[in-house]
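Participant: Dropping the structure in here first, questions after.
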Amino acid sequence: MKKEVIGATHRFGILGGGQLGRMLIQEAISYDIHVHTMDLNSTDPSATIATSHTVGDIKAYDDVINFGKDKDVISVEIENVNVDALKELESNGVKVFPQPRVLEIIKDKGLQKHFYVENNIPTSPFELTTEDTKNYYYASKVPFVHKLRTGGYDGRGVELIKGEKDLQNAFNAPSILEELVPFEKELSVIVARNEKGETAVYQTVECEFNEVNLVAFLFSPADISNDVETRATELAIDVINKLEMVGILAVELFLLSDGTLLVNEVAPRPHNSGHHTIECNVTSQFEQHMRSVLNLPLGSTEMIREGAMLNLLGEIGHTGRAKYEGLEEVISMPGVHVHLYGKKDTKPNRKMGHITVAQKNIDEAKRVAKQVKGKIRVIAE
Ligand code: ADP
């Protein structure tokens with residue numbers, strides 16, 4: 001008999017204690033779904049609001065086994081977890097979504113790129129490099145993008161090697177060397193798939209990154225033609241179907257000036273490029289992730305408001321107890337929704353929260369979002 005997922009007897013575990021888990025818990029509470037989390041600190045963003053929080057290392061085999069063995073379903077809010085332990089839990093009957101075999105592919109950018117090539121998914125040309133790859137070889141490849149195969153996130157582990165002077169930043173570790181793509185826009189499509197193989201896709205969004213590769217602004221909908229919109233959403237559905245993945249997948253795309261779409265990378269979990277869905281869509285990406293991994297019907301992805309999202313990043317030069325300057329002024333502005341992640345301390349470029357500006361039209365949302373950006377700062381007390 002199917003065990004009821006609503007209520008305290010169902011044990012839903014999330015590996016990772018960050019803001020993505022926190023926002024998922026905020027949605028789970030509405031369904032009386034009890035979420036148990038594990039990560040290194042008892043003060044992590046989701047630790048303080050989870051039904052229970054276990055202090056443990058999501059990369060350590062034993063910790064993941066001990067956390068997972070009494071759970072009904074395990075999911076993740078970060079892909080850098082111990083996959084061997086998840087495979088063991090899966091073989092013992094615990095449902096693990098996204099599946100460990102999918103996490104294994106995605107957490108290694110080299111395997112991810114091979115997957116695209118093998119499955120006819122368009123992506124930029126690449127080759128693998130190792131710690132033995134010689135400097136003169138790199139010099140012959142300039143310009144290129146160098147990416148650590150594992151462990152990088154939020155722009156860390158990615159170096160744009162545009163000229164000879166950047167060669168000193170090339171990684172001395174297993175990496176991928178990618179052609180530098182002259183993209184016109186960076187797009188993202190969020191798509192969910194449940195155990196029945198049903199999919200639900202959100203409208204394409206457009207991302208603007210800052211100088212350290214963090215999302216500075218996100219706009220929903222993206223300013224693209226209907227043809228690009230259709231192809232982008234079809235591509236995202238194709239990727240999740242080919243992965244046969246259960247859960248939510250963010251598909252990051254490059255749009256070239258001739259209309260070509262290339263998959264940059266994917267993330268098998270709620271993603272920064274879907275935060276606006278909390279206010280702007282019928283079902284948020286967090287609720288959708290929960291629905292998909294718990295084998296519940298998928299929710300409507302319909303857009304109810306157009307919107308712009310900006311990350312609240314720790315101000316450069318400020319480290320210590322966080323203070324949000326300008327908060328009262330920005331919440332007096334129309335359509336402004338604040339999300340603070342409950343991180344006590346700020347440091348340069350740390351993701352401390354985000355703001356979504358939900359409006360009837362995207363131009364107004366953009367205008368207010370740019371104003372908000374100029375008024376709010378996360379500084380140290
Ligand atoms: P992360 O895992 O940190 O998100 P990404 O692979 O998304 O890393 O790369 C971060 C950013 O670097 C991208 O958003 C894009 O701006 C730039 N970038 C990545 N790959 C390329 C490429 N092949 N050509 C040009 N820019 C790239």
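Numbering starts fresh at 1 for the residues of each chain in the structure tokens, the chains themselves are lettered A, B, ... in the order given, and ligands are numbered from 1 as they appear.
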Please list as a list in words every residue within 6 Å of stretch 277-289 of chain A, counting only C-alpha atoms and excluding residues in the same chain fewer than 3 positions away.
Facilitator: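 Skipping anything fewer than 3 positions along the chain leaves Leu24, Glu27, Gly247, Ile248, Gly274, Ser292, Gly299, Ser300, Thr301, Glu302, Met303, Ile304 and Arg305 of chain A.
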Participant: List as a ChimeraX atom specification the protein and nucleic acid residues near A:Gly18, meaning an atom at most 12 Å away when only C-alpha atoms are counted, but skip any in the same chain fewer than 3 places from it.
Facilitator: /A:14-15,21-25,37-50,53,76-78,270-271,340-343,350-353
Participant: May I ask you to write as a list of chain:residue names all residues lying at most 6 Å from ligand 1, with only C-alpha atoms and all ligand atoms counted?
Facilitator: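 Here is the list of contacting residues: A:Val145, A:Gly152, A:Tyr153, A:Asp154, A:Gly155, A:Arg156, A:Val158, A:Glu178, A:Glu179, A:Leu180, A:Val181, A:Asn213, A:Glu265.
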Participant: Between A:Asp227, A:Ala380, A:Gln203, A:Lys375, which is the closest to A:Ile316 once you count only C-alpha atoms?
Facilitator: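 Comparing A:Asp227, A:Ala380, A:Gln203, A:Lys375 against A:Ile316, the winner is A:Ala380.
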Participant: Output as a ChimeraX atom specification all residues of stretch 14-222 of chain A that backbone DSSP marks as strand (DSSP E or B).
Facilitator: /A:14-15,33-39,52-55,73-76,95-96,126-129,144-148,153,156,158-161,175-179,185-193,199-201,205-209,215-220
Participant: Tell me, as a list of chain:residue names, which residues lie within 12 Å of A:Asp84, counting only C-alpha atoms; anything in the same chain fewer than 6 positions away does not count.
Facilitator: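 Using only C-alpha atoms, the neighbours found are A:Ile58, A:Lys59, A:Ala60, A:Tyr61, A:Asp62, A:Asp63, A:Val64, A:Ile65, A:Glu90, A:Ser91, A:Val96, A:Gln99, A:Pro100, A:Arg101, A:Leu103, A:Glu104.
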Participant: Any chance you could export the current selection's N, CA and C atoms as a compact mmCIF listing (two decimals), in the first residue's frame?
Facilitator:
# COMPACT_ATOMS: atom_id res chain seq x y z
N ILE A 58 27.46 15.76 4.23
CA ILE A 58 26.73 15.18 3.09
C ILE A 58 27.67 14.50 2.09
N LYS A 59 28.98 14.74 2.26
CA LYS A 59 29.96 14.09 1.36
C LYS A 59 30.50 12.80 1.98
N ALA A 60 30.15 12.53 3.24
CA ALA A 60 30.72 11.37 3.94
C ALA A 60 29.76 10.18 3.84
N TYR A 61 30.28 9.04 3.39
CA TYR A 61 29.47 7.83 3.17
C TYR A 61 28.65 7.48 4.42
N ASP A 62 29.34 7.32 5.56
CA ASP A 62 28.65 6.86 6.78
C ASP A 62 27.57 7.83 7.23
N ASP A 63 27.87 9.12 7.14
CA ASP A 63 26.89 10.12 7.59
C ASP A 63 25.62 10.05 6.73
N VAL A 64 25.81 9.89 5.42
CA VAL A 64 24.64 9.85 4.52
C VAL A 64 23.83 8.58 4.78
N ILE A 65 24.54 7.45 4.97
CA ILE A 65 23.82 6.19 5.27
C ILE A 65 23.03 6.34 6.57
N GLU A 90 19.37 3.43 -1.94
CA GLU A 90 18.39 3.11 -2.99
C GLU A 90 18.22 1.60 -3.10
N SER A 91 19.34 0.86 -3.03
CA SER A 91 19.22 -0.60 -3.17
C SER A 91 18.57 -1.21 -1.93
N VAL A 96 15.31 7.61 -3.72
CA VAL A 96 16.25 8.73 -3.79
C VAL A 96 16.01 9.46 -5.11
N GLN A 99 17.72 10.59 -8.90
CA GLN A 99 18.35 9.30 -8.73
C GLN A 99 19.88 9.45 -8.64
N PRO A 100 20.53 8.61 -7.82
CA PRO A 100 21.98 8.68 -7.68
C PRO A 100 22.72 8.61 -9.02
N ARG A 101 22.20 7.80 -9.96
CA ARG A 101 22.90 7.71 -11.26
C ARG A 101 22.84 9.05 -12.00
N LEU A 103 22.67 12.07 -10.36
CA LEU A 103 23.58 12.94 -9.60
C LEU A 103 25.02 12.68 -10.00
N GLU A 104 25.35 11.41 -10.22
CA GLU A 104 26.71 11.03 -10.59
C GLU A 104 27.13 11.70 -11.90
Participant: Report, in Å to a single decimal, how far apart atom CA of A:Ile74 and atom CA of A:Gly151 are.
Facilitator: 20.9 Å
